[in-house]
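Working notes, structure below.
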Amino acid sequence: MQTILLFGAGKSATVLIDYLMAEASLNDWHIIVADASRDLILQKTLGAACSEAVALDIHDTSARNLLVQRADIVISLMPPALHYLVAQDCLAFGKNLLTASYVDDQLRALQSDIEAKGLLFLCEMGLDPGIDHMSAMQLIDGIKAQGGTITAFKSHCGGLVAPESDDNPWHYKISWNPRNVVMAGKAGAEYKEDGFLVELDYDKLFAGGHACFINEELGSLGYYPNRDSLSYIPLYGLQAATTFVRTTLRYSDFLLGWQQIVALDLTDETPDFDSDGKSLQDFFADRFAKKVFKLESATELVQAQLLYLGAADNALHINKGLCSAADVLQFALEQKLVLRPTDRDMIVMKHEIEYELNSQAHAIDSVLVVKGSDSLRTAMAKTVGLPLGIAAKLILNGTIREKGVLIPIAPAIYNAVLPELAQQGIVFAETHRVLG
C-alpha cells in the first residue's frame, strides 16, 4: 500500500481530496490529510476507510517529521512561506514533493541536494501556475515542431464569479486565499511588449485599461500583468518573441475599483489601526480622512463598490486588535464577497500566440472556461487540486520519472497530465487564424 500525505485541507483542497479518495481503492492508497482543524478534514474525507485525519500544528517539527516518514509522496497546500518546512523534511527523509506554488529561492538552493537524492520536487503544479504552463508549452512545442517561430505570447488567467452568481458591483467573490487577493500585484510587474521591456509599479498596475476577448458568452475581460513575466521567457524558450506577458483576468469594473483601493492605501501592511470596538464604517472613515478623500467625489461605480465593502456599515465590528489596513480589507472581503452555498465560481484562461511559419503569420487563441458546482467544489479547487492529484498518481505509478526542482514544462510531464485533466472536463477550445 502506498501512502499519500497532504498538508492542508482548505479551500483549494476539496476536489483534490475527492480525487484522492476516488483513486485510493483503485491504486491501493492510504491518504493522510493533516491540517490545523481535524473537523475540517473530516468534513471533506467523511471519515473514509482509506483516509486518516491528523490535527497538526505545521510548526511542530517532531509531529511533521513522523508524518513525512510514513509517506511515499507529499503534497503541500500550505501557504507558500511554509513549503520550505515541508521541503526540508522531504529532503531529509527522501520523499517526492508536490506544490501549487511558485519556486522560491529557498527551494532553488536545495536543487543539487534534491538531485543527488534522486527526488522530484514538482512545483507550480496547480492552475496558474500549473495548467497555464502545461497547456502553453504543448502549444509552443507543437509550433516549434512544425518549424514555426513564435513572435508574441500572452497568457491570461483569472478566478472569477460565474455570470449566473454575479450580483455585486465588484463582479467578484472569494474562491481562494483572501490574503492573496489583498496582496495581489504589490510587487508590480515586468514584461515585454513590442520589443520593449515594460515595468509597472503597483500604483499603476490596475489602471492600464487592458482587455481581451474570451468568447461569445463572456465577451471581453480586463487584465493586469503578473509580477515577473520575464523570468519565464527562457523557461518557455521564447527569447525571439517581441511580446511576452502573463496576466491575471478580472471583470473590468473590478480593476477600476481596485485602483481606488490601492490609491487609498487599503492594502498597506503597517499595523496602525486599533480595530477593537470599531466598525467597518469607522475604518473607512479613518482611511478616507488620511487620504483627504470624499466618497461622494468618486465615480458612481467606485462609490457603490466601497459602500458594498462596508464604507457605511456601522453594524459590523472588526474587533481584531491592532490591525493593518490590509488586515481589515481582508476581513471586509471575507464578509462581503463570500460565495453563498449555491454560488458558482469560474476559471478563465486564454493563451494568445502569434507565430511565423513558411513566411506566413499565424495566430492561435486557446481558451479554457471551467465553472464550479457550488461554493465548496469550486472551479478554483478543481483546477488547483486535480493537477496535483494526477501528478501524484503518475509519479507513484512510474509514468513521471523526472528529478530535481521542476515546474511542469517538460513534455514528459504535460503529455501525461493534460489528457487526464481532459477526462475531468478541463479542456481548451482552440481557434487557429492566418494573419495578413
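To be explicit about the labels: the chains of the C-alpha cells are called A, B, and onward in the order shown, and within each one the residues are counted from 1, while ligands get numbers from 1 in the order they are shown.
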
Can you list, as JSON, numbers by chain, all residues belonging to segment 118-303 of chain A that DSSP tags as strand (DSSP E or B)? {"A": [120, 121, 122, 126, 130, 149, 150, 151, 152, 153, 154, 155, 156, 157, 158, 159, 160, 161, 174, 189, 190, 191, 192, 193, 196, 197, 198, 199, 200, 211, 212, 213, 214, 215, 219, 220, 221, 222, 223, 224, 225, 228, 243, 244, 245, 246, 247, 248, 249, 250, 271, 272, 273, 274, 279]}

Quick one: residues within 8 Å of Pro387 of chain A, only C-alpha atoms, excluding same-chain residues fewer than 2 positions away - as a list in words?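 Skipping anything fewer than 2 positions along the chain leaves Met125, Gly126, Leu127, Gly130, Ile131, Thr383, Val384, Gly385, Gly389, Ile390, Ala391, Val417 and Leu421 of chain A.
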
Residue neighbourhood Gly159 of chain A, 7 Å, only C-alpha atoms, exclusion window fewer than 3 positions, as a ChimeraX atom specification: /A:346-348,380

Selection: 10 Å around Ala187 of chain A, only C-alpha atoms, excl. self and same-chain fewer than 2 positions, as a PyMOL selection string: chain A and resi 183-185+189-190+200-202+205+226-228

Looking only at the backbone, which of the residues in segment 55-286 of chain A does DSSP tag as alpha helix (DSSP H), as a ChimeraX atom specification? /A:61-70,83-93,105-108,111-116,131-145,178-183,202-205,232-236,252-263,280-286

Find the residues around Cys50 of chain A up to 9 Å (only C-alpha atoms counted), leave out those fewer than 4 positions away in its own chain, and share them as a PDB file with all heavy atoms, in the first residue's frame.
ATOM      1  N   MET A  21      -9.539  10.285  -2.802  1.00  0.00           N
ATOM      2  CA  MET A  21     -10.435   9.276  -2.234  1.00  0.00           C
ATOM      3  C   MET A  21     -10.948   8.318  -3.314  1.00  0.00           C
ATOM      4  O   MET A  21     -11.010   7.101  -3.121  1.00  0.00           O
ATOM      5  CB  MET A  21     -11.640   9.950  -1.555  1.00  0.00           C
ATOM      6  CG  MET A  21     -11.341  10.833  -0.357  1.00  0.00           C
ATOM      7  SD  MET A  21     -10.666   9.970   1.070  1.00  0.00           S
ATOM      8  CE  MET A  21      -8.972  10.531   0.946  1.00  0.00           C
ATOM      9  N   ALA A  24      -8.150   5.993  -4.460  1.00  0.00           N
ATOM     10  CA  ALA A  24      -7.473   5.208  -3.420  1.00  0.00           C
ATOM     11  C   ALA A  24      -7.709   3.709  -3.568  1.00  0.00           C
ATOM     12  O   ALA A  24      -6.765   2.910  -3.494  1.00  0.00           O
ATOM     13  CB  ALA A  24      -7.914   5.679  -2.037  1.00  0.00           C
ATOM     14  N   SER A  25      -8.953   3.312  -3.773  1.00  0.00           N
ATOM     15  CA  SER A  25      -9.243   1.881  -3.869  1.00  0.00           C
ATOM     16  C   SER A  25      -8.685   1.273  -5.153  1.00  0.00           C
ATOM     17  O   SER A  25      -8.305   0.097  -5.183  1.00  0.00           O
ATOM     18  CB  SER A  25     -10.758   1.641  -3.796  1.00  0.00           C
ATOM     19  OG  SER A  25     -11.423   2.312  -4.859  1.00  0.00           O
ATOM     20  N   ASP A  28      -4.715   1.216  -4.380  1.00  0.00           N
ATOM     21  CA  ASP A  28      -4.265   0.723  -3.078  1.00  0.00           C
ATOM     22  C   ASP A  28      -3.480   1.801  -2.333  1.00  0.00           C
ATOM     23  O   ASP A  28      -2.328   1.619  -1.941  1.00  0.00           O
ATOM     24  CB  ASP A  28      -3.400  -0.535  -3.246  1.00  0.00           C
ATOM     25  CG  ASP A  28      -3.196  -1.276  -1.917  1.00  0.00           C
ATOM     26  OD1 ASP A  28      -4.038  -1.108  -1.006  1.00  0.00           O
ATOM     27  OD2 ASP A  28      -2.197  -2.006  -1.789  1.00  0.00           O
ATOM     28  N   TRP A  29      -4.148   2.938  -2.141  1.00  0.00           N
ATOM     29  CA  TRP A  29      -3.542   4.088  -1.457  1.00  0.00           C
ATOM     30  C   TRP A  29      -4.117   4.246  -0.055  1.00  0.00           C
ATOM     31  O   TRP A  29      -5.292   3.953   0.194  1.00  0.00           O
ATOM     32  CB  TRP A  29      -3.835   5.390  -2.195  1.00  0.00           C
ATOM     33  CG  TRP A  29      -3.142   5.588  -3.499  1.00  0.00           C
ATOM     34  CD1 TRP A  29      -2.069   4.917  -3.990  1.00  0.00           C
ATOM     35  CD2 TRP A  29      -3.509   6.553  -4.498  1.00  0.00           C
ATOM     36  NE1 TRP A  29      -1.730   5.401  -5.220  1.00  0.00           N
ATOM     37  CE2 TRP A  29      -2.593   6.405  -5.557  1.00  0.00           C
ATOM     38  CE3 TRP A  29      -4.513   7.521  -4.588  1.00  0.00           C
ATOM     39  CZ2 TRP A  29      -2.661   7.202  -6.710  1.00  0.00           C
ATOM     40  CZ3 TRP A  29      -4.580   8.304  -5.724  1.00  0.00           C
ATOM     41  CH2 TRP A  29      -3.657   8.146  -6.775  1.00  0.00           C
ATOM     42  N   HIS A  30      -3.299   4.794   0.820  1.00  0.00           N
ATOM     43  CA  HIS A  30      -3.755   5.317   2.103  1.00  0.00           C
ATOM     44  C   HIS A  30      -3.501   6.820   2.077  1.00  0.00           C
ATOM     45  O   HIS A  30      -2.408   7.268   1.725  1.00  0.00           O
ATOM     46  CB  HIS A  30      -2.983   4.673   3.258  1.00  0.00           C
ATOM     47  CG  HIS A  30      -3.380   5.180   4.611  1.00  0.00           C
ATOM     48  ND1 HIS A  30      -4.644   4.975   5.138  1.00  0.00           N
ATOM     49  CD2 HIS A  30      -2.687   5.899   5.539  1.00  0.00           C
ATOM     50  CE1 HIS A  30      -4.710   5.533   6.334  1.00  0.00           C
ATOM     51  NE2 HIS A  30      -3.542   6.109   6.602  1.00  0.00           N
ATOM     52  N   ILE A  31      -4.525   7.597   2.418  1.00  0.00           N
ATOM     53  CA  ILE A  31      -4.431   9.052   2.317  1.00  0.00           C
ATOM     54  C   ILE A  31      -4.406   9.659   3.718  1.00  0.00           C
ATOM     55  O   ILE A  31      -5.351   9.485   4.497  1.00  0.00           O
ATOM     56  CB  ILE A  31      -5.635   9.646   1.544  1.00  0.00           C
ATOM     57  CG1 ILE A  31      -5.912   8.862   0.261  1.00  0.00           C
ATOM     58  CG2 ILE A  31      -5.407  11.131   1.268  1.00  0.00           C
ATOM     59  CD1 ILE A  31      -4.772   8.849  -0.719  1.00  0.00           C
ATOM     60  N   ILE A  32      -3.323  10.360   4.040  1.00  0.00           N
ATOM     61  CA  ILE A  32      -3.236  11.104   5.293  1.00  0.00           C
ATOM     62  C   ILE A  32      -3.429  12.582   4.971  1.00  0.00           C
ATOM     63  O   ILE A  32      -2.723  13.135   4.123  1.00  0.00           O
ATOM     64  CB  ILE A  32      -1.871  10.917   5.985  1.00  0.00           C
ATOM     65  CG1 ILE A  32      -1.585   9.436   6.230  1.00  0.00           C
ATOM     66  CG2 ILE A  32      -1.827  11.702   7.293  1.00  0.00           C
ATOM     67  CD1 ILE A  32      -0.165   9.179   6.749  1.00  0.00           C
TER      68      ILE A  32
END

Between A:Pro178, A:Gly257, A:Gly425, A:Pro225, which has the minimum distance to Cys157 of chain A (counting only C-alpha atoms)?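 Looking at the shortest contact to Cys157 of chain A, the residue is A:Pro225.
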